Every structure is written in structure tokens, then in C-alpha cells.
$ cat entry_4.tsv   # TSV, C-alpha atoms
chain	number	residue	atom	x	y	z
A	1	MET	CA	0.00	0.00	0.00
A	2	SER	CA	1.33	3.47	-0.89
A	3	GLU	CA	2.43	5.50	2.11
A	4	ASP	CA	0.16	8.32	0.98
A	5	LEU	CA	-2.85	5.98	0.93
A	6	ARG	CA	-2.29	4.29	4.29
A	7	PRO	CA	-4.94	5.03	6.91
A	8	LEU	CA	-3.90	6.80	10.11
A	9	SER	CA	-4.80	5.30	13.47
A	10	VAL	CA	-4.39	7.11	16.79
A	11	VAL	CA	-4.06	4.78	19.78
A	12	THR	CA	-3.92	6.01	23.37
A	13	GLY	CA	-2.54	3.99	26.26
A	14	ALA	CA	-0.42	2.12	23.69
A	15	SER	CA	2.68	1.32	25.75
A	16	SER	CA	1.37	-1.99	27.07
A	17	GLY	CA	-1.66	-4.23	27.53
A	18	ILE	CA	-4.76	-3.87	25.39
A	19	GLY	CA	-3.60	-0.56	23.88
A	20	TYR	CA	-0.31	-2.06	22.74
A	21	GLU	CA	-2.11	-4.97	21.13
A	22	LEU	CA	-4.63	-2.66	19.44
A	23	ALA	CA	-1.79	-0.63	17.95
A	24	MET	CA	-0.09	-3.82	16.78
A	25	LEU	CA	-3.28	-4.89	14.99
A	26	CYS	CA	-3.44	-1.50	13.27
A	27	ALA	CA	0.17	-1.89	12.18
A	28	GLU	CA	-0.46	-5.41	10.91
A	29	ASP	CA	-3.22	-3.99	8.72
A	30	GLY	CA	-0.85	-1.37	7.32
A	31	HIS	CA	-2.06	1.67	9.25
A	32	ASP	CA	0.32	4.49	10.06
A	33	LEU	CA	0.25	5.19	13.77
A	34	ILE	CA	0.29	7.95	16.31
A	35	VAL	CA	0.68	6.31	19.70
A	36	VAL	CA	0.66	7.91	23.11
A	37	ALA	CA	1.03	6.82	26.72
A	38	ASP	CA	2.05	8.37	30.02
A	39	ARG	CA	4.97	5.97	30.50
A	40	PRO	CA	8.46	5.80	28.93
A	41	GLU	CA	7.73	2.30	27.63
A	42	ILE	CA	5.99	4.01	24.71
A	43	VAL	CA	9.45	4.40	23.12
A	44	GLU	CA	10.08	0.66	22.97
A	45	ALA	CA	6.49	0.01	21.93
A	46	ALA	CA	6.79	2.44	19.02
A	47	GLN	CA	9.92	0.64	17.84
A	48	ALA	CA	7.96	-2.63	17.77
A	49	PHE	CA	5.23	-1.02	15.67
A	50	GLU	CA	7.78	0.49	13.29
A	51	ALA	CA	9.19	-2.99	12.74
A	52	MET	CA	5.87	-3.83	11.08
A	53	GLY	CA	6.80	-1.47	8.23
A	54	VAL	CA	4.51	1.48	9.01
A	55	ARG	CA	5.23	5.06	9.96
A	56	VAL	CA	4.93	5.66	13.69
A	57	GLN	CA	4.95	8.83	15.76
A	58	ARG	CA	5.03	8.51	19.52
A	59	LEU	CA	4.29	10.82	22.40
A	60	MET	CA	4.66	10.50	26.15
A	61	ALA	CA	1.93	12.63	27.69
A	62	ASP	CA	-0.58	12.58	30.53
A	63	LEU	CA	-3.98	12.51	28.86
A	64	ALA	CA	-5.63	13.34	32.17
A	65	THR	CA	-4.69	16.93	31.38
A	66	LEU	CA	-6.02	19.14	28.59
A	67	ASP	CA	-2.42	20.12	27.88
A	68	GLY	CA	-1.51	16.47	27.33
A	69	VAL	CA	-4.40	16.01	24.92
A	70	ASP	CA	-3.49	19.25	23.14
A	71	ARG	CA	0.05	17.95	22.61
A	72	LEU	CA	-1.40	14.86	20.98
A	73	LEU	CA	-3.69	16.97	18.79
A	74	GLU	CA	-0.72	19.09	17.72
A	75	LEU	CA	1.04	15.90	16.63
A	76	VAL	CA	-1.99	14.90	14.57
A	77	GLY	CA	-2.20	18.35	12.98
A	78	ASP	CA	-4.40	18.56	9.91
A	79	ARG	CA	-4.00	14.92	8.94
A	80	PRO	CA	-7.25	12.96	8.66
A	81	VAL	CA	-7.59	10.34	11.41
A	82	ASP	CA	-9.26	7.18	10.13
A	83	HIS	CA	-9.38	5.33	13.46
A	84	LEU	CA	-9.30	6.67	17.00
A	85	LEU	CA	-8.76	3.95	19.57
A	86	ALA	CA	-9.42	5.68	22.89
A	87	ASN	CA	-7.90	3.13	25.23
A	88	ALA	CA	-6.06	5.22	27.83
A	89	GLY	CA	-7.33	4.65	31.35
A	90	HIS	CA	-6.41	3.30	34.74
A	91	GLY	CA	-8.01	2.02	37.90
A	92	LEU	CA	-7.86	2.69	41.61
A	93	GLY	CA	-8.48	0.13	44.30
A	94	HIS	CA	-9.26	0.35	48.04
A	95	ALA	CA	-12.03	2.18	49.87
A	96	PHE	CA	-13.08	5.53	48.45
A	97	LEU	CA	-12.74	7.41	51.76
A	98	GLU	CA	-9.10	6.30	51.99
A	99	GLN	CA	-8.16	7.58	48.53
A	100	PRO	CA	-6.36	10.91	48.12
A	101	VAL	CA	-8.32	13.45	46.09
A	102	ALA	CA	-5.50	13.69	43.56
A	103	ALA	CA	-5.65	9.93	42.97
A	104	TRP	CA	-9.37	9.66	42.24
A	105	ARG	CA	-9.38	12.89	40.25
A	106	HIS	CA	-6.65	11.50	38.01
A	107	VAL	CA	-8.77	8.43	37.30
A	108	ILE	CA	-11.75	10.59	36.34
A	109	ASP	CA	-9.65	13.01	34.29
A	110	THR	CA	-7.96	10.18	32.40
A	111	ASN	CA	-10.89	7.86	31.86
A	112	VAL	CA	-13.55	10.51	31.24
A	113	THR	CA	-12.46	14.14	30.83
A	114	GLY	CA	-9.36	13.62	28.70
A	115	THR	CA	-11.04	10.91	26.67
A	116	LEU	CA	-14.07	13.05	25.84
A	117	TYR	CA	-11.94	16.06	24.97
A	118	LEU	CA	-9.86	13.98	22.56
A	119	VAL	CA	-12.86	12.27	21.00
A	120	GLN	CA	-14.70	15.54	20.46
A	121	ARG	CA	-11.72	17.15	18.76
A	122	VAL	CA	-10.98	14.14	16.52
A	123	ALA	CA	-14.60	13.24	15.72
A	124	ARG	CA	-15.54	16.66	14.36
A	125	PRO	CA	-13.20	16.37	11.33
A	126	MET	CA	-14.32	12.76	10.88
A	127	VAL	CA	-17.91	13.91	10.55
A	128	GLU	CA	-16.90	16.67	8.13
A	129	ARG	CA	-15.21	14.05	5.93
A	130	GLY	CA	-18.08	11.61	6.35
A	131	ARG	CA	-15.97	8.68	7.51
A	132	GLY	CA	-14.07	7.39	10.52
A	133	ARG	CA	-14.13	4.79	13.26
A	134	ILE	CA	-13.93	5.31	17.02
A	135	LEU	CA	-13.25	2.57	19.55
A	136	PHE	CA	-13.70	3.16	23.27
A	137	THR	CA	-12.20	0.72	25.74
A	138	GLY	CA	-15.01	0.45	28.24
A	139	SER	CA	-15.39	-2.43	30.69
A	140	ILE	CA	-17.91	-4.84	32.10
A	141	ALA	CA	-16.96	-3.09	35.35
A	142	GLY	CA	-19.24	-0.30	34.14
A	143	LEU	CA	-22.20	-2.66	34.46
A	144	MET	CA	-21.88	-3.13	38.22
A	145	PRO	CA	-21.29	-1.10	41.40
A	146	GLY	CA	-17.56	-1.27	42.10
A	147	THR	CA	-17.18	-1.77	45.82
A	148	PHE	CA	-13.51	-0.99	46.66
A	149	GLN	CA	-13.16	0.18	43.07
A	150	ALA	CA	-15.98	2.71	43.08
A	151	VAL	CA	-14.46	5.55	41.06
A	152	TYR	CA	-13.09	3.31	38.31
A	153	ASN	CA	-16.35	1.44	37.82
A	154	GLY	CA	-18.21	4.74	37.82
A	155	THR	CA	-15.99	6.11	35.04
A	156	LYS	CA	-16.51	2.98	32.97
A	157	ALA	CA	-20.27	3.18	33.49
A	158	PHE	CA	-20.05	6.70	32.09
A	159	ILE	CA	-18.01	5.60	29.06
A	160	ASP	CA	-20.23	2.58	28.35
A	161	SER	CA	-23.28	4.87	28.35
A	162	PHE	CA	-21.68	7.84	26.61
A	163	ALA	CA	-20.41	5.76	23.72
A	164	TRP	CA	-23.89	4.45	22.91
A	165	ALA	CA	-25.29	7.99	23.00
A	166	LEU	CA	-22.55	9.30	20.73
A	167	ARG	CA	-23.06	6.39	18.36
A	168	ASN	CA	-26.71	7.34	18.00
A	169	GLU	CA	-25.89	11.00	17.44
A	170	LEU	CA	-23.47	10.03	14.65
A	171	LYS	CA	-25.55	7.28	13.07
A	172	ASP	CA	-26.07	9.12	9.76
A	173	THR	CA	-22.60	10.65	9.46
A	174	GLY	CA	-20.41	7.78	8.26
A	175	VAL	CA	-18.59	7.71	11.61
A	176	SER	CA	-19.01	4.56	13.68
A	177	VAL	CA	-18.62	4.29	17.46
A	178	THR	CA	-17.78	0.96	19.09
A	179	THR	CA	-17.22	0.05	22.73
A	180	LEU	CA	-15.04	-2.85	23.84
A	181	LEU	CA	-16.11	-4.28	27.21
A	182	PRO	CA	-13.36	-6.52	28.57
A	183	GLY	CA	-13.28	-8.22	31.93
A	184	ALA	CA	-10.17	-8.82	34.03
A	185	THR	CA	-7.24	-8.81	31.60
A	186	ASP	CA	-3.60	-9.78	32.13
A	187	THR	CA	-2.09	-6.29	32.07
A	188	GLU	CA	-0.43	-3.90	34.53
A	189	PHE	CA	-3.88	-2.60	35.49
A	190	PHE	CA	-4.09	-4.31	38.88
A	191	GLU	CA	-0.54	-3.39	39.86
A	192	ARG	CA	-1.12	0.27	38.99
A	193	ALA	CA	-4.45	0.22	40.83
A	194	GLY	CA	-2.89	-1.29	43.97
A	195	MET	CA	-5.08	-4.39	43.75
A	196	GLN	CA	-2.55	-7.24	43.76
A	197	ASP	CA	-3.84	-8.52	47.10
A	198	THR	CA	-7.45	-8.88	45.93
A	199	LYS	CA	-9.35	-11.86	44.60
A	200	VAL	CA	-9.73	-10.30	41.15
A	201	GLY	CA	-6.10	-9.17	41.16
A	202	GLN	CA	-4.89	-12.72	41.71
A	203	GLY	CA	-7.57	-14.49	39.67
A	204	LYS	CA	-7.60	-15.79	36.13
A	205	LYS	CA	-7.34	-13.12	33.47
A	206	ASP	CA	-7.81	-12.84	29.73
A	207	ASP	CA	-4.98	-12.46	27.21
A	208	PRO	CA	-4.77	-8.78	26.14
A	209	ALA	CA	-4.01	-9.83	22.55
A	210	ASP	CA	-7.28	-11.78	22.41
A	211	VAL	CA	-9.20	-8.92	24.00
A	212	ALA	CA	-7.74	-6.41	21.56
A	213	ARG	CA	-8.60	-8.61	18.58
A	214	THR	CA	-12.22	-8.77	19.75
A	215	GLY	CA	-12.45	-4.99	19.99
A	216	TYR	CA	-10.55	-4.30	16.79
A	217	ASN	CA	-12.72	-6.63	14.72
A	218	ALA	CA	-15.88	-5.07	16.17
A	219	MET	CA	-14.60	-1.58	15.35
A	220	MET	CA	-13.76	-2.51	11.79
A	221	LYS	CA	-17.24	-3.98	11.37
A	222	GLY	CA	-18.85	-0.86	12.85
A	223	GLU	CA	-20.53	-2.77	15.68
A	224	GLY	CA	-21.97	-0.95	18.68
A	225	ASP	CA	-20.34	-2.87	21.51
A	226	VAL	CA	-18.72	-6.20	22.19
A	227	VAL	CA	-18.05	-8.11	25.40
A	228	HIS	CA	-14.94	-10.25	25.23
A	229	GLY	CA	-15.14	-13.86	26.37
A	230	LEU	CA	-17.89	-16.23	27.43
A	231	ARG	CA	-17.32	-15.72	31.16
A	232	ASN	CA	-17.61	-11.97	30.76
A	233	LYS	CA	-20.72	-12.34	28.62
A	234	VAL	CA	-22.31	-14.36	31.42
A	235	GLN	CA	-21.37	-11.69	33.97
A	236	ALA	CA	-22.76	-8.95	31.74
A	237	ALA	CA	-26.02	-10.84	31.31
A	238	MET	CA	-26.32	-11.45	35.05
A	239	ALA	CA	-25.63	-7.78	35.78
A	240	ALA	CA	-28.70	-6.85	33.74
A	241	VAL	CA	-31.05	-8.83	35.99
A	242	THR	CA	-29.32	-8.82	39.39
A	243	PRO	CA	-30.15	-6.20	42.06
A	244	GLU	CA	-27.37	-3.67	42.42
A	245	SER	CA	-27.10	-4.37	46.16
A	246	VAL	CA	-26.25	-7.98	45.33
A	247	MET	CA	-23.75	-6.98	42.68
A	248	ALA	CA	-22.09	-4.53	45.07
A	249	GLU	CA	-21.64	-7.30	47.63
A	250	GLN	CA	-20.24	-9.66	44.99
A	251	HIS	CA	-17.81	-6.98	43.88
A	252	ARG	CA	-16.69	-6.54	47.48
A	253	LYS	CA	-15.70	-10.21	47.54
A	254	MET	CA	-13.65	-9.72	44.38
A	255	ALA	CA	-12.01	-6.36	45.12
A	256	GLU	CA	-11.73	-5.98	48.91
A	257	PRO	CA	-8.06	-5.65	49.91
A	258	GLY	CA	-6.59	-8.70	51.59
A	259	THR	CA	-8.96	-11.23	50.02
A	260	GLY	CA	-6.52	-12.51	47.43
A	261	ASP	CA	-5.30	-15.46	49.49
A	262	ASP	CA	-8.81	-16.76	50.14
A	263	ASP	CA	-9.21	-20.22	48.61
A	264	GLU	CA	-12.79	-19.60	47.53
A	265	GLU	CA	-12.91	-18.91	43.79
A	266	ILE	CA	-15.50	-16.14	43.97
A	267	TYR	CA	-14.35	-14.38	40.81
A	268	GLN	CA	-14.86	-17.52	38.74
A	269	LYS	CA	-18.58	-17.50	39.53
A	270	PRO	CA	-21.02	-15.37	37.52
A	271	LEU	CA	-22.28	-12.35	39.42
A	272	GLY	CA	-25.50	-12.94	41.28

$ encode --input "entry_4.tsv" --output "C-alpha cells"
Amino acid sequence: MSEDLRPLSVVTGASSGIGYELAMLCAEDGHDLIVVADRPEIVEAAQAFEAMGVRVQRLMADLATLDGVDRLLELVGDRPVDHLLANAGHGLGHAFLEQPVAAWRHVIDTNVTGTLYLVQRVARPMVERGRGRILFTGSIAGLMPGTFQAVYNGTKAFIDSFAWALRNELKDTGVSVTTLLPGATDTEFFERAGMQDTKVGQGKKDDPADVARTGYNAMMKGEGDVVHGLRNKVQAAMAAVTPESVMAEQHRKMAEPGTGDDDEEIYQKPLG
């Protein structure tokens, strides 16, 4: 494919985990890349993408800040973005009242504020051109009250809902909006969230490459949302019919600090 004809994909949170794998799928399909993360590992990740034979620009920036998003937008410039994979996000474990304000604000500003600012700025030119694809990394966590993970689950509930609303607003524009809803995935998420000593932190997790493939395929097909994996599909279905008080208690058993050494495999059971 000619370099001038290659699509451009922007992937956030691309230094590791699901974001890294999403960027790799874009590169495998011959997309030029702009990748961003808030960690220095983005340098090594970009080198891996470049080895796929595509042009790659990288940026280390904190997308919880408007300045960080603006730096990314400056890198994009006037180039048309064909795919925006809004994957940047992180979690926060432990009881809400014990969390510093700066910590829970950073989760909200990364998962919600920065994401919406970026999507709004990138989607407007997409609509003007009449084409483009947007993929949000949501979570099945957004379908349930997140006891000991309350802020994170709340942000994902927002994203899961917001993405469907935006999809409807853009339904006649040629721009598709897709939401990937993974469950627990084998990434650095639980370490960064301080949840290594929890049941979910120590439980079985999905392969991020498999999760990314599920989301990428759904985006390319223009689907509305996709839940990765049978176990997660069961949990999502149960969340739709289970009282929130019950789900909150089940989440406590998965995410309460110090429960990781318990022999009972609570996380392997469907919610409810």
C-alpha cells in the first residue's frame, strides 16, 4: 500500500496491555500510527510497531490533562484520522474514603475528561469528511457497582453509556462508534491500581491480545459494543437482571483488599 494511501490510526494507552495490542493490529493492517502513553515504555512500543513497516509517531503525555491532549492533537495536525482507539485509562483500588483526592481525580480526568476532549476534537473532522471509526475501551466493570473500586467502575459506566449515546448521534454521518467491554485482563492494570492482594487481582485473566482482537474486529465492522469472552458475557447478562445491592456485595468479595489469598474462587462464579 502506498504511504500516501495508508490510513492513520491514533491509539492512546499504547505502551502496554490492550492498547499495545490494538496498535499492533493496526500496524499489521498497514495503518500508520500515532501512539501515546504516560509511560516511557511508549518508546520501545513504538519501535515494535515500526518494525511492522509502518510510519509511527510517539508521544509521552498525561492525557488526564487538557495540555496532554493538546500535545497529541498538535502531533496529529491537519491529517485525517481514520481510526481513534481511545484506550487510555487506569483504575484505583481500596475504599473511596481512603483515597487521596489527587488519585481519584486523576482516574476521572484520564478515563472521562481527557477521553471526551480527545474524542470531540478528533470526531468533528471525521464527521466533516463523512468517515471514521472510534473505539472506546469500556469495561464490564461499568455494568456493576464497584465496591472498593468505586471511582473506576463509575468512570466505565459513564463511558459505556456515553459511547452508545454518541453512536446514535453520529448514526447518519459515516462515523461509527464501538465500545469494547473486557473483563479482568492480564495487564499492569491491577498493579497500577494497587489491587494485587485482591481476589480479582490474583484471579484468572484474559490475554490482552485476544481482548484487543475482539475490539478491533468489532470496530472494523462498525458494531456498537462487544463483550470479550464467554465468562464476561455471562457476567454482563447477570448484571442486567441482578439487584445492584447484590452486585455490590459480589464486587466486594472480588475487590476488597486482603482477600486474594482466600481459597474460595468467587471471581470464577457469575455475578448474582

$ residues_around --input "entry_4.tsv" --residues "range 218-232 of chain A" --least-positions-apart "6" --cutoff "9 Å" --atoms "all atoms listed in the file" --output "list in words"
His83, Arg133, Ile134, Leu135, Ser139, Ile140, Asp160, Ala163, Trp164, Arg167, Val175, Ser176, Val177, Thr178, Thr179, Leu180, Leu181, Pro182, Gly183, Ala184, Asp206, Asp210, Val211, Ala212, Gln268, Lys269 and Pro270 of chain A

$ atom_distance --input "entry_4.tsv" --atom1 "CA of Pro257 in chain A" --atom2 "CA of Ser16 in chain A"
25.0 Å

$ residues_near_point --input "entry_4.tsv" --point "(-18.4, 13.0, 9.0)" --cutoff "6 Å" --atoms "all atoms listed in the file" --output "list of chain:residue names"
A:Met126, A:Val127, A:Glu128, A:Arg129, A:Gly130, A:Arg131, A:Thr173, A:Gly174, A:Val175

$ atom_distance --input "entry_4.tsv" --atom1 "CA of Thr12 in chain A" --atom2 "CA of Met60 in chain A"
10.1 Å

$ atom_distance --input "entry_4.tsv" --atom1 "CA of Asp38 in chain A" --atom2 "CA of Ala51 in chain A"
21.9 Å

$ closest_residue --input "entry_4.tsv" --among "A:Pro7, A:Pro145, A:Gly132, A:Gly93" --to "Glu249 in chain A" --atoms "all atoms listed in the file"
A:Pro145

$ decode --input "entry_4.tsv" --residues "range 117-140 of chain A" --atoms "C-alpha atoms" --output "short mmCIF file (atom, residue, chain, number, x, y, z; two decimals), in the first residue's frame"
data_model
loop_
_atom_site.label_atom_id
_atom_site.label_comp_id
_atom_site.auth_asym_id
_atom_site.auth_seq_id
_atom_site.Cartn_x
_atom_site.Cartn_y
_atom_site.Cartn_z
CA TYR A 117 -11.94 16.06 24.97
CA LEU A 118 -9.86 13.98 22.56
CA VAL A 119 -12.86 12.27 21.00
CA GLN A 120 -14.70 15.54 20.46
CA ARG A 121 -11.72 17.15 18.76
CA VAL A 122 -10.98 14.14 16.52
CA ALA A 123 -14.60 13.24 15.72
CA ARG A 124 -15.54 16.66 14.36
CA PRO A 125 -13.20 16.37 11.33
CA MET A 126 -14.32 12.76 10.88
CA VAL A 127 -17.91 13.91 10.55
CA GLU A 128 -16.90 16.67 8.13
CA ARG A 129 -15.21 14.05 5.93
CA GLY A 130 -18.08 11.61 6.35
CA ARG A 131 -15.97 8.68 7.51
CA GLY A 132 -14.07 7.39 10.52
CA ARG A 133 -14.13 4.79 13.26
CA ILE A 134 -13.93 5.31 17.02
CA LEU A 135 -13.25 2.57 19.55
CA PHE A 136 -13.70 3.16 23.27
CA THR A 137 -12.20 0.72 25.74
CA GLY A 138 -15.01 0.45 28.24
CA SER A 139 -15.39 -2.43 30.69
CA ILE A 140 -17.91 -4.84 32.10
#
